[in-house]
Structure formats: structure tokens, C-alpha cells
Amino acid sequence: MTSVSITPKGPFSLAASLRFLEDFTPASYDHAADGVLRLAFPADDGVHVIGCAVRQKETAGPTPAAVTADITVHHGDTTLTAGSGTDHHRAARAQLARILSLDVDGTGFPALADADPVVAGLQADWPGLRPVCFHSPYEAAVWAVIGNRIRMSQAAAIKARLARDHGQAVQVAGEELHAFPAPGVLRRLDRVEGLSDTKLERLRALSEAALDGGLDAATLRDQPVESALTELQGLPGIGPFSAGLVLIRGAGHPDVFPAVEPRLHRAMATQYGLDAATAGDPARLARLATAWRPYRSWVALLLRARAQDSASRGAGDRSARPRAPSPNLPEQTPVASVDPAVSWATR
């Protein structure tokens, strides 16, 4: 086990991330009473498996405390020591930082509130909340395919069963977790309960793409946004919605405005008091969102959170604490099976 420390640049609250994950259907996360975030996931290299126990002390001042993590890196039944697996531990730290959006310098994020009262209100309601990402673009793409045209709860059950039956078991801070199957494991499966042959074929193709470098987070983020989205849409089962999900919530891109997400656009119209013509014009909304640069993904997340909180309260939830945003919607999910407050990128 290796202990690492990550100093957030700008506001960050692990407690907010934990509350976020509690309502994040793809994660199936149960908030531990000890405030420790326990994670197990395939490494970006598609070979190793990582276990992390993440902690952050609460502070009263504006400067967030460092985030600390105990990391284990596994290769099959072997747990790599810091001496034998230093590069792998360094890569694991970087992947964890991306998952929690701690690889982004957020020192400029509070300044957006100075010129935008809507953003100011969002930041006040969800202090320290940054996007909590999928463990990798690979896992985000797989989730999009699994969840296509079925209910979120069904998709989450299938994803959890895949981890339990085919993922590696890892001990993290006294608890056993199952990582999602690595690409090399998933591509060998010939049957998965609850998945059609077409979906399984697409999952195998996504596994191959991940192993070939086609779902590399750094590569996706280094490209122009439109180029990355176009490239992702060339993958089986990945349409415009899912491509945005993979780039924003899989690769952790902090500055993308989702141009094909009507529910976000309606949330913008509500919060900014826009007329119908503007609200229905993604290009005009995208121009408005340029004021959020370089944190367009972050502000979009908080807007969805506000919309979901309003919907929950309208349905009778009078909780004093704002709820975390709702789960991501996959491609082509039937309207009849979806809570109207939920969209693919809401979480």
C-alpha cells in the first residue's frame, strides 16, 4: 500500500463528493459512516486493478485540506509494492485525481460568481462540489451501452453483477469491493444475463477499443472538443449523448458545453430567465455558456443539480439539504422509463 496526498487547487469537498455518489446510480455507492471514500476500479492501462481509501479532513476556512489516499495496485493475485510498482502507483494517483476532478486547477472557479449571479447561487448551494467522474472513459462508454433502452435500476444491477461475477475483489480499508471487469476480461465474455447479443457485441468492441488506446482519457482531452466527440461517435453504440458522457464524465474534460442535452438547456432557460427562442437554440445557449470558461462542464453539472433539486421539492421532497444531481441517461432511453428530471449527464 502507498499513501499519497493531493492538494486541491481551488474549492473541493470530499464530503460533497460522497453525497454526490450516494445518488449516482452507476456507482451503486453506499456512503460509509466513517467518511472514507472506498473505490476499486481497473487501471487506465487495462491490466492492473486499483483500490483506494480516500480521506479529507474538514476545515472551517476557505482553503480546502489535502486529500489523502491509501492506494493498492494489483496485478492478478499479486499486490505491487511501492518499490516494485512505483510507476503504477503514480499512474493510480493520477487516475484518482481525474476521477475526483482534482487534476483540474479550480482556483479560478469562484471568480465566475463575480460576474454571474446564477453561478454565484449554484456555488453557494453546492460548496466544494466538483464532478465525480466514471473511473475511465472505457467504463463510461460501457455504462452508456448497458443502459440503452432500459431503466437505470436495471442497468445498475447489470453493471454491479458484472463486477461481482467477473471483476477482481479488492480489500479497501477493511471492506471487500469488486472492481468493474477490465477490458481484457469483458471482451472474453460470451453471455451476460440481462444483455442482448447486440449489446454484448458492442461491449466487446469497446473493450478492444480501450485496449487499443481509443478510449484514452488524456488523448481525448488533448483534442479539440468536436474532434473528440466525432471520434467517440465512431465507436459501436456511442451516439451524440453518449459521446458527451464519455468525454465529460469519463475523460473528465472540465470545459465542454453539452450541445445535445435539452434538459440542461431548459435548466439554463429557467435560471437565466431566457425567452423561448433562446432556450430552444443550442448555439445561442453555447454562446451564453462561454462566460463559464474554462469550467463549462462544472457549471453545467451544478445547473442540473439545481433542476433536480427543484423537481424533487416539487414532488414533495422538502429536505433542507440540496440533493446531488441525478444519474446519467444513456443513449435512446425511452421517455416512459425515465424520471422527467433526469438526463444523461445529470450526475
# chains A, B, ... in the order shown; residues from 1 in each chain; ligands from 1
>>> closest_atom_pairs(of="segment 48-108 of chain A", to="segment 298-312 of chain A", cutoff="12 Å", atoms="only C-alpha atoms", output="CSV")
residue,atom,partner,partner_atom,distance
A:Ser101,CA,A:Trp298,CA,9.6
A:Val104,CA,A:Trp298,CA,10.8
A:Gly106,CA,A:Trp298,CA,10.0
>>> write_last_selection(atoms="N, CA, C and O atoms", output="PDB file, in the first residue's frame")
ATOM      1  N   SER A 101     -11.916  15.004 -10.203  1.00  0.00           N
ATOM      2  CA  SER A 101     -11.697  16.315 -10.841  1.00  0.00           C
ATOM      3  C   SER A 101     -10.652  17.140 -10.098  1.00  0.00           C
ATOM      4  O   SER A 101     -10.652  18.378 -10.176  1.00  0.00           O
ATOM      5  N   VAL A 104      -7.720  19.193 -12.154  1.00  0.00           N
ATOM      6  CA  VAL A 104      -8.044  20.486 -12.760  1.00  0.00           C
ATOM      7  C   VAL A 104      -7.759  21.598 -11.750  1.00  0.00           C
ATOM      8  O   VAL A 104      -8.127  21.496 -10.581  1.00  0.00           O
ATOM      9  N   GLY A 106      -8.791  24.535 -10.088  1.00  0.00           N
ATOM     10  CA  GLY A 106     -10.073  25.191  -9.877  1.00  0.00           C
ATOM     11  C   GLY A 106      -9.980  26.524  -9.170  1.00  0.00           C
ATOM     12  O   GLY A 106     -11.005  27.050  -8.702  1.00  0.00           O
TER      13      GLY A 106
END
>>> residues_around(residues="Leu215 of chain A", least_positions_apart="4", cutoff="10 Å", atoms="only C-alpha atoms", output="PDB file with all heavy atoms, in the first residue's frame")
ATOM      1  N   ASP A  44      -6.082   2.574 -15.835  1.00  0.00           N
ATOM      2  CA  ASP A  44      -6.156   3.071 -17.207  1.00  0.00           C
ATOM      3  C   ASP A  44      -5.410   2.178 -18.195  1.00  0.00           C
ATOM      4  O   ASP A  44      -5.729   2.169 -19.388  1.00  0.00           O
ATOM      5  CB  ASP A  44      -5.577   4.484 -17.292  1.00  0.00           C
ATOM      6  CG  ASP A  44      -6.552   5.560 -16.806  1.00  0.00           C
ATOM      7  OD1 ASP A  44      -7.774   5.321 -16.868  1.00  0.00           O
ATOM      8  OD2 ASP A  44      -6.088   6.629 -16.371  1.00  0.00           O
ATOM      9  N   SER A 136     -13.106   5.693 -15.766  1.00  0.00           N
ATOM     10  CA  SER A 136     -12.370   5.802 -17.026  1.00  0.00           C
ATOM     11  C   SER A 136     -13.363   6.044 -18.154  1.00  0.00           C
ATOM     12  O   SER A 136     -14.563   5.771 -18.013  1.00  0.00           O
ATOM     13  CB  SER A 136     -11.599   4.505 -17.304  1.00  0.00           C
ATOM     14  OG  SER A 136     -12.513   3.422 -17.474  1.00  0.00           O
ATOM     15  N   PRO A 137     -12.886   6.540 -19.303  1.00  0.00           N
ATOM     16  CA  PRO A 137     -13.760   6.626 -20.472  1.00  0.00           C
ATOM     17  C   PRO A 137     -14.310   5.262 -20.879  1.00  0.00           C
ATOM     18  O   PRO A 137     -15.451   5.154 -21.338  1.00  0.00           O
ATOM     19  CB  PRO A 137     -12.845   7.206 -21.556  1.00  0.00           C
ATOM     20  CG  PRO A 137     -11.791   7.955 -20.799  1.00  0.00           C
ATOM     21  CD  PRO A 137     -11.559   7.159 -19.551  1.00  0.00           C
ATOM     22  N   TYR A 138     -13.509   4.225 -20.716  1.00  0.00           N
ATOM     23  CA  TYR A 138     -13.962   2.858 -21.007  1.00  0.00           C
ATOM     24  C   TYR A 138     -15.204   2.518 -20.192  1.00  0.00           C
ATOM     25  O   TYR A 138     -16.216   2.045 -20.733  1.00  0.00           O
ATOM     26  CB  TYR A 138     -12.814   1.885 -20.709  1.00  0.00           C
ATOM     27  CG  TYR A 138     -13.223   0.483 -20.325  1.00  0.00           C
ATOM     28  CD1 TYR A 138     -13.755  -0.397 -21.264  1.00  0.00           C
ATOM     29  CD2 TYR A 138     -13.051   0.032 -19.013  1.00  0.00           C
ATOM     30  CE1 TYR A 138     -14.121  -1.686 -20.912  1.00  0.00           C
ATOM     31  CE2 TYR A 138     -13.395  -1.254 -18.647  1.00  0.00           C
ATOM     32  CZ  TYR A 138     -13.942  -2.115 -19.598  1.00  0.00           C
ATOM     33  OH  TYR A 138     -14.300  -3.393 -19.235  1.00  0.00           O
ATOM     34  N   GLU A 139     -15.163   2.763 -18.898  1.00  0.00           N
ATOM     35  CA  GLU A 139     -16.301   2.404 -18.053  1.00  0.00           C
ATOM     36  C   GLU A 139     -17.516   3.280 -18.359  1.00  0.00           C
ATOM     37  O   GLU A 139     -18.657   2.810 -18.314  1.00  0.00           O
ATOM     38  CB  GLU A 139     -15.912   2.511 -16.577  1.00  0.00           C
ATOM     39  CG  GLU A 139     -16.884   1.808 -15.661  1.00  0.00           C
ATOM     40  CD  GLU A 139     -16.351   1.628 -14.254  1.00  0.00           C
ATOM     41  OE1 GLU A 139     -15.120   1.516 -14.070  1.00  0.00           O
ATOM     42  OE2 GLU A 139     -17.183   1.597 -13.318  1.00  0.00           O
ATOM     43  N   ALA A 140     -17.289   4.539 -18.695  1.00  0.00           N
ATOM     44  CA  ALA A 140     -18.402   5.418 -19.071  1.00  0.00           C
ATOM     45  C   ALA A 140     -19.069   4.917 -20.351  1.00  0.00           C
ATOM     46  O   ALA A 140     -20.304   4.902 -20.469  1.00  0.00           O
ATOM     47  CB  ALA A 140     -17.899   6.847 -19.255  1.00  0.00           C
ATOM     48  N   ALA A 141     -18.268   4.512 -21.334  1.00  0.00           N
ATOM     49  CA  ALA A 141     -18.823   4.020 -22.598  1.00  0.00           C
ATOM     50  C   ALA A 141     -19.595   2.723 -22.386  1.00  0.00           C
ATOM     51  O   ALA A 141     -20.683   2.526 -22.955  1.00  0.00           O
ATOM     52  CB  ALA A 141     -17.694   3.813 -23.612  1.00  0.00           C
ATOM     53  N   LEU A 206     -16.006  -2.188 -27.498  1.00  0.00           N
ATOM     54  CA  LEU A 206     -15.493  -1.103 -26.666  1.00  0.00           C
ATOM     55  C   LEU A 206     -14.275  -1.556 -25.868  1.00  0.00           C
ATOM     56  O   LEU A 206     -13.333  -0.776 -25.661  1.00  0.00           O
ATOM     57  CB  LEU A 206     -16.591  -0.610 -25.716  1.00  0.00           C
ATOM     58  CG  LEU A 206     -17.762   0.131 -26.367  1.00  0.00           C
ATOM     59  CD1 LEU A 206     -18.835   0.437 -25.331  1.00  0.00           C
ATOM     60  CD2 LEU A 206     -17.288   1.428 -27.034  1.00  0.00           C
ATOM     61  N   SER A 207     -14.286  -2.806 -25.429  1.00  0.00           N
ATOM     62  CA  SER A 207     -13.120  -3.343 -24.719  1.00  0.00           C
ATOM     63  C   SER A 207     -11.899  -3.351 -25.624  1.00  0.00           C
ATOM     64  O   SER A 207     -10.785  -2.982 -25.205  1.00  0.00           O
ATOM     65  CB  SER A 207     -13.420  -4.758 -24.212  1.00  0.00           C
ATOM     66  OG  SER A 207     -14.518  -4.763 -23.325  1.00  0.00           O
ATOM     67  N   GLU A 208     -12.100  -3.770 -26.866  1.00  0.00           N
ATOM     68  CA  GLU A 208     -10.994  -3.758 -27.829  1.00  0.00           C
ATOM     69  C   GLU A 208     -10.497  -2.338 -28.057  1.00  0.00           C
ATOM     70  O   GLU A 208      -9.290  -2.083 -28.114  1.00  0.00           O
ATOM     71  CB  GLU A 208     -11.447  -4.378 -29.156  1.00  0.00           C
ATOM     72  CG  GLU A 208     -11.757  -5.859 -29.098  1.00  0.00           C
ATOM     73  CD  GLU A 208     -10.508  -6.721 -29.026  1.00  0.00           C
ATOM     74  OE1 GLU A 208      -9.390  -6.165 -29.111  1.00  0.00           O
ATOM     75  OE2 GLU A 208     -10.653  -7.943 -28.874  1.00  0.00           O
ATOM     76  N   ALA A 209     -11.443  -1.400 -28.182  1.00  0.00           N
ATOM     77  CA  ALA A 209     -11.046  -0.002 -28.397  1.00  0.00           C
ATOM     78  C   ALA A 209     -10.237   0.519 -27.219  1.00  0.00           C
ATOM     79  O   ALA A 209      -9.247   1.245 -27.397  1.00  0.00           O
ATOM     80  CB  ALA A 209     -12.288   0.858 -28.616  1.00  0.00           C
ATOM     81  N   ALA A 210     -10.645   0.161 -26.007  1.00  0.00           N
ATOM     82  CA  ALA A 210      -9.909   0.601 -24.822  1.00  0.00           C
ATOM     83  C   ALA A 210      -8.497   0.035 -24.814  1.00  0.00           C
ATOM     84  O   ALA A 210      -7.521   0.744 -24.518  1.00  0.00           O
ATOM     85  CB  ALA A 210     -10.660   0.181 -23.561  1.00  0.00           C
ATOM     86  N   LEU A 211      -8.365  -1.244 -25.150  1.00  0.00           N
ATOM     87  CA  LEU A 211      -7.040  -1.867 -25.162  1.00  0.00           C
ATOM     88  C   LEU A 211      -6.160  -1.308 -26.267  1.00  0.00           C
ATOM     89  O   LEU A 211      -4.931  -1.286 -26.139  1.00  0.00           O
ATOM     90  CB  LEU A 211      -7.190  -3.383 -25.320  1.00  0.00           C
ATOM     91  CG  LEU A 211      -7.810  -4.110 -24.121  1.00  0.00           C
ATOM     92  CD1 LEU A 211      -8.119  -5.557 -24.470  1.00  0.00           C
ATOM     93  CD2 LEU A 211      -6.884  -4.040 -22.914  1.00  0.00           C
ATOM     94  N   THR A 219      -5.687  11.515 -24.273  1.00  0.00           N
ATOM     95  CA  THR A 219      -5.804  11.760 -25.706  1.00  0.00           C
ATOM     96  C   THR A 219      -7.104  12.461 -26.037  1.00  0.00           C
ATOM     97  O   THR A 219      -7.142  13.412 -26.831  1.00  0.00           O
ATOM     98  CB  THR A 219      -5.710  10.434 -26.476  1.00  0.00           C
ATOM     99  OG1 THR A 219      -4.454   9.807 -26.189  1.00  0.00           O
ATOM    100  CG2 THR A 219      -5.823  10.667 -27.971  1.00  0.00           C
ATOM    101  N   LEU A 220      -8.197  12.020 -25.428  1.00  0.00           N
ATOM    102  CA  LEU A 220      -9.492  12.634 -25.679  1.00  0.00           C
ATOM    103  C   LEU A 220      -9.507  14.091 -25.224  1.00  0.00           C
ATOM    104  O   LEU A 220     -10.052  14.967 -25.904  1.00  0.00           O
ATOM    105  CB  LEU A 220     -10.594  11.848 -24.966  1.00  0.00           C
ATOM    106  CG  LEU A 220     -10.904  10.460 -25.543  1.00  0.00           C
ATOM    107  CD1 LEU A 220     -11.839   9.695 -24.608  1.00  0.00           C
ATOM    108  CD2 LEU A 220     -11.525  10.579 -26.937  1.00  0.00           C
ATOM    109  N   GLU A 231     -14.851  11.438 -32.929  1.00  0.00           N
ATOM    110  CA  GLU A 231     -14.117  10.175 -32.815  1.00  0.00           C
ATOM    111  C   GLU A 231     -14.886   9.184 -31.948  1.00  0.00           C
ATOM    112  O   GLU A 231     -14.996   7.998 -32.283  1.00  0.00           O
ATOM    113  CB  GLU A 231     -12.737  10.447 -32.225  1.00  0.00           C
ATOM    114  CG  GLU A 231     -11.867   9.211 -32.073  1.00  0.00           C
ATOM    115  CD  GLU A 231     -10.478   9.555 -31.566  1.00  0.00           C
ATOM    116  OE1 GLU A 231      -9.879  10.497 -32.118  1.00  0.00           O
ATOM    117  OE2 GLU A 231      -9.998   8.888 -30.629  1.00  0.00           O
ATOM    118  N   LEU A 232     -15.437   9.653 -30.840  1.00  0.00           N
ATOM    119  CA  LEU A 232     -16.170   8.768 -29.936  1.00  0.00           C
ATOM    120  C   LEU A 232     -17.421   8.213 -30.602  1.00  0.00           C
ATOM    121  O   LEU A 232     -17.800   7.062 -30.373  1.00  0.00           O
ATOM    122  CB  LEU A 232     -16.534   9.509 -28.653  1.00  0.00           C
ATOM    123  CG  LEU A 232     -15.369   9.789 -27.708  1.00  0.00           C
ATOM    124  CD1 LEU A 232     -15.775  10.787 -26.628  1.00  0.00           C
ATOM    125  CD2 LEU A 232     -14.889   8.481 -27.066  1.00  0.00           C
ATOM    126  N   LEU A 235     -17.488   4.822 -32.320  1.00  0.00           N
ATOM    127  CA  LEU A 235     -17.475   3.573 -31.570  1.00  0.00           C
ATOM    128  C   LEU A 235     -18.865   2.949 -31.557  1.00  0.00           C
ATOM    129  O   LEU A 235     -19.873   3.658 -31.564  1.00  0.00           O
ATOM    130  CB  LEU A 235     -17.012   3.831 -30.133  1.00  0.00           C
ATOM    131  CG  LEU A 235     -15.585   4.351 -29.975  1.00  0.00           C
ATOM    132  CD1 LEU A 235     -15.324   4.743 -28.527  1.00  0.00           C
ATOM    133  CD2 LEU A 235     -14.577   3.291 -30.431  1.00  0.00           C
ATOM    134  N   VAL A 246     -18.994  10.311 -22.294  1.00  0.00           N
ATOM    135  CA  VAL A 246     -17.657   9.730 -22.215  1.00  0.00           C
ATOM    136  C   VAL A 246     -16.595  10.822 -22.090  1.00  0.00           C
ATOM    137  O   VAL A 246     -15.641  10.694 -21.299  1.00  0.00           O
ATOM    138  CB  VAL A 246     -17.388   8.847 -23.454  1.00  0.00           C
ATOM    139  CG1 VAL A 246     -15.941   8.360 -23.458  1.00  0.00           C
ATOM    140  CG2 VAL A 246     -18.347   7.654 -23.477  1.00  0.00           C
ATOM    141  N   LEU A 247     -16.751  11.908 -22.850  1.00  0.00           N
ATOM    142  CA  LEU A 247     -15.748  12.972 -22.809  1.00  0.00           C
ATOM    143  C   LEU A 247     -15.793  13.734 -21.490  1.00  0.00           C
ATOM    144  O   LEU A 247     -14.745  14.010 -20.881  1.00  0.00           O
ATOM    145  CB  LEU A 247     -15.961  13.932 -23.977  1.00  0.00           C
ATOM    146  CG  LEU A 247     -14.951  15.066 -24.107  1.00  0.00           C
ATOM    147  CD1 LEU A 247     -13.528  14.534 -24.273  1.00  0.00           C
ATOM    148  CD2 LEU A 247     -15.307  15.987 -25.273  1.00  0.00           C
ATOM    149  N   GLY A 250     -16.294  10.646 -18.391  1.00  0.00           N
ATOM    150  CA  GLY A 250     -15.342   9.556 -18.458  1.00  0.00           C
ATOM    151  C   GLY A 250     -13.916  10.063 -18.486  1.00  0.00           C
ATOM    152  O   GLY A 250     -13.076   9.662 -17.688  1.00  0.00           O
ATOM    153  N   ALA A 251     -13.645  10.986 -19.413  1.00  0.00           N
ATOM    154  CA  ALA A 251     -12.301  11.572 -19.511  1.00  0.00           C
ATOM    155  C   ALA A 251     -12.115  12.747 -18.558  1.00  0.00           C
ATOM    156  O   ALA A 251     -10.999  13.216 -18.365  1.00  0.00           O
ATOM    157  CB  ALA A 251     -12.019  12.016 -20.946  1.00  0.00           C
TER     158      ALA A 251
END
>>> select_by_dssp(residues="segment 144-329 of chain A", states="alpha helix (DSSP H)", output="ChimeraX atom specification")
/A:144-146,152-166,183-186,197-211,217-222,225-232,240-245,262-272,276-279,282-289,296-314
>>> closest_residue(among="A:Cys52, A:Ala283, A:Phe41, A:Thr290", to="Gly167 of chain A", atoms="only C-alpha atoms")
A:Phe41
>>> atom_distance(atom1="atom CA of Arg161 of chain A", atom2="atom CA of Val185 of chain A")
14.1 Å
>>> select_by_dssp(residues="segment 80-323 of chain A", states="strand (DSSP E or B)", output="ChimeraX atom specification")
/A:80,169-172,175-178
>>> residues_around(residues="Pro181 of chain A", least_positions_apart="4", cutoff="8 Å", atoms="only C-alpha atoms", output="list in words")
Pro42, Leu162, Ala163, His166, Gly167, Gln168, Val185 and Leu186 of chain A
>>> atom_distance(atom1="atom CA of Met1 of chain A", atom2="atom CA of Leu80 of chain A")
8.0 Å
>>> residues_around(residues="Val256 of chain A", least_positions_apart="2", cutoff="12 Å", atoms="only C-alpha atoms", output="number ranges by chain")
A: 221, 224-226, 228-229, 243-249, 251-254, 258-260, 286, 289-290, 292-301, 345
>>> decode(residues="segment 261-290 of chain A", atoms="N, CA and C atoms", output="PDB file, in the first residue's frame")
ATOM      1  N   GLU A 261     -28.301  18.330 -25.091  1.00  0.00           N
ATOM      2  CA  GLU A 261     -28.957  17.895 -23.866  1.00  0.00           C
ATOM      3  C   GLU A 261     -30.088  18.851 -23.520  1.00  0.00           C
ATOM      4  N   PRO A 262     -31.290  18.590 -23.994  1.00  0.00           N
ATOM      5  CA  PRO A 262     -32.403  19.529 -23.813  1.00  0.00           C
ATOM      6  C   PRO A 262     -32.723  19.855 -22.356  1.00  0.00           C
ATOM      7  N   ARG A 263     -32.573  18.905 -21.467  1.00  0.00           N
ATOM      8  CA  ARG A 263     -32.932  19.188 -20.076  1.00  0.00           C
ATOM      9  C   ARG A 263     -31.982  20.212 -19.452  1.00  0.00           C
ATOM     10  N   LEU A 264     -30.703  20.131 -19.808  1.00  0.00           N
ATOM     11  CA  LEU A 264     -29.773  21.164 -19.359  1.00  0.00           C
ATOM     12  C   LEU A 264     -30.171  22.509 -19.939  1.00  0.00           C
ATOM     13  N   HIS A 265     -30.550  22.522 -21.212  1.00  0.00           N
ATOM     14  CA  HIS A 265     -30.935  23.768 -21.860  1.00  0.00           C
ATOM     15  C   HIS A 265     -32.167  24.374 -21.188  1.00  0.00           C
ATOM     16  N   ARG A 266     -33.117  23.521 -20.787  1.00  0.00           N
ATOM     17  CA  ARG A 266     -34.291  24.039 -20.077  1.00  0.00           C
ATOM     18  C   ARG A 266     -33.895  24.582 -18.709  1.00  0.00           C
ATOM     19  N   ALA A 267     -32.947  23.924 -18.056  1.00  0.00           N
ATOM     20  CA  ALA A 267     -32.479  24.422 -16.763  1.00  0.00           C
ATOM     21  C   ALA A 267     -31.829  25.791 -16.914  1.00  0.00           C
ATOM     22  N   MET A 268     -31.042  25.962 -17.974  1.00  0.00           N
ATOM     23  CA  MET A 268     -30.440  27.266 -18.237  1.00  0.00           C
ATOM     24  C   MET A 268     -31.519  28.320 -18.451  1.00  0.00           C
ATOM     25  N   ALA A 269     -32.520  27.968 -19.261  1.00  0.00           N
ATOM     26  CA  ALA A 269     -33.579  28.930 -19.560  1.00  0.00           C
ATOM     27  C   ALA A 269     -34.299  29.362 -18.289  1.00  0.00           C
ATOM     28  N   THR A 270     -34.540  28.404 -17.403  1.00  0.00           N
ATOM     29  CA  THR A 270     -35.227  28.716 -16.145  1.00  0.00           C
ATOM     30  C   THR A 270     -34.380  29.634 -15.283  1.00  0.00           C
ATOM     31  N   GLN A 271     -33.126  29.293 -15.098  1.00  0.00           N
ATOM     32  CA  GLN A 271     -32.268  30.047 -14.185  1.00  0.00           C
ATOM     33  C   GLN A 271     -31.912  31.432 -14.722  1.00  0.00           C
ATOM     34  N   TYR A 272     -31.789  31.558 -16.022  1.00  0.00           N
ATOM     35  CA  TYR A 272     -31.388  32.833 -16.619  1.00  0.00           C
ATOM     36  C   TYR A 272     -32.578  33.645 -17.150  1.00  0.00           C
ATOM     37  N   GLY A 273     -33.781  33.090 -17.037  1.00  0.00           N
ATOM     38  CA  GLY A 273     -34.960  33.813 -17.498  1.00  0.00           C
ATOM     39  C   GLY A 273     -34.948  34.076 -18.982  1.00  0.00           C
ATOM     40  N   LEU A 274     -34.586  33.072 -19.766  1.00  0.00           N
ATOM     41  CA  LEU A 274     -34.451  33.240 -21.211  1.00  0.00           C
ATOM     42  C   LEU A 274     -35.797  33.097 -21.908  1.00  0.00           C
ATOM     43  N   ASP A 275     -35.914  33.756 -23.051  1.00  0.00           N
ATOM     44  CA  ASP A 275     -37.136  33.600 -23.836  1.00  0.00           C
ATOM     45  C   ASP A 275     -37.109  32.263 -24.566  1.00  0.00           C
ATOM     46  N   ALA A 276     -38.264  31.869 -25.115  1.00  0.00           N
ATOM     47  CA  ALA A 276     -38.405  30.549 -25.724  1.00  0.00           C
ATOM     48  C   ALA A 276     -37.463  30.373 -26.909  1.00  0.00           C
ATOM     49  N   ALA A 277     -37.279  31.430 -27.688  1.00  0.00           N
ATOM     50  CA  ALA A 277     -36.411  31.321 -28.862  1.00  0.00           C
ATOM     51  C   ALA A 277     -34.974  31.013 -28.467  1.00  0.00           C
ATOM     52  N   THR A 278     -34.488  31.684 -27.437  1.00  0.00           N
ATOM     53  CA  THR A 278     -33.122  31.436 -26.976  1.00  0.00           C
ATOM     54  C   THR A 278     -33.015  30.057 -26.350  1.00  0.00           C
ATOM     55  N   ALA A 279     -34.014  29.706 -25.537  1.00  0.00           N
ATOM     56  CA  ALA A 279     -33.973  28.418 -24.853  1.00  0.00           C
ATOM     57  C   ALA A 279     -33.946  27.257 -25.834  1.00  0.00           C
ATOM     58  N   GLY A 280     -34.535  27.440 -27.002  1.00  0.00           N
ATOM     59  CA  GLY A 280     -34.577  26.368 -27.979  1.00  0.00           C
ATOM     60  C   GLY A 280     -33.461  26.405 -28.999  1.00  0.00           C
ATOM     61  N   ASP A 281     -32.487  27.270 -28.784  1.00  0.00           N
ATOM     62  CA  ASP A 281     -31.391  27.423 -29.748  1.00  0.00           C
ATOM     63  C   ASP A 281     -30.065  27.045 -29.082  1.00  0.00           C
ATOM     64  N   PRO A 282     -29.595  25.802 -29.262  1.00  0.00           N
ATOM     65  CA  PRO A 282     -28.365  25.373 -28.612  1.00  0.00           C
ATOM     66  C   PRO A 282     -27.168  26.265 -28.928  1.00  0.00           C
ATOM     67  N   ALA A 283     -27.109  26.812 -30.135  1.00  0.00           N
ATOM     68  CA  ALA A 283     -25.970  27.661 -30.488  1.00  0.00           C
ATOM     69  C   ALA A 283     -25.958  28.931 -29.642  1.00  0.00           C
ATOM     70  N   ARG A 284     -27.122  29.520 -29.420  1.00  0.00           N
ATOM     71  CA  ARG A 284     -27.201  30.732 -28.595  1.00  0.00           C
ATOM     72  C   ARG A 284     -26.883  30.396 -27.134  1.00  0.00           C
ATOM     73  N   LEU A 285     -27.341  29.237 -26.679  1.00  0.00           N
ATOM     74  CA  LEU A 285     -27.029  28.828 -25.307  1.00  0.00           C
ATOM     75  C   LEU A 285     -25.528  28.585 -25.151  1.00  0.00           C
ATOM     76  N   ALA A 286     -24.931  27.986 -26.173  1.00  0.00           N
ATOM     77  CA  ALA A 286     -23.489  27.741 -26.115  1.00  0.00           C
ATOM     78  C   ALA A 286     -22.715  29.052 -26.033  1.00  0.00           C
ATOM     79  N   ARG A 287     -23.200  30.070 -26.742  1.00  0.00           N
ATOM     80  CA  ARG A 287     -22.531  31.376 -26.662  1.00  0.00           C
ATOM     81  C   ARG A 287     -22.672  31.966 -25.260  1.00  0.00           C
ATOM     82  N   LEU A 288     -23.846  31.805 -24.656  1.00  0.00           N
ATOM     83  CA  LEU A 288     -24.030  32.281 -23.286  1.00  0.00           C
ATOM     84  C   LEU A 288     -23.068  31.562 -22.341  1.00  0.00           C
ATOM     85  N   ALA A 289     -22.879  30.261 -22.579  1.00  0.00           N
ATOM     86  CA  ALA A 289     -22.032  29.452 -21.695  1.00  0.00           C
ATOM     87  C   ALA A 289     -20.553  29.758 -21.831  1.00  0.00           C
ATOM     88  N   THR A 290     -20.162  30.517 -22.849  1.00  0.00           N
ATOM     89  CA  THR A 290     -18.744  30.849 -22.960  1.00  0.00           C
ATOM     90  C   THR A 290     -18.259  31.649 -21.754  1.00  0.00           C
TER      91      THR A 290
END
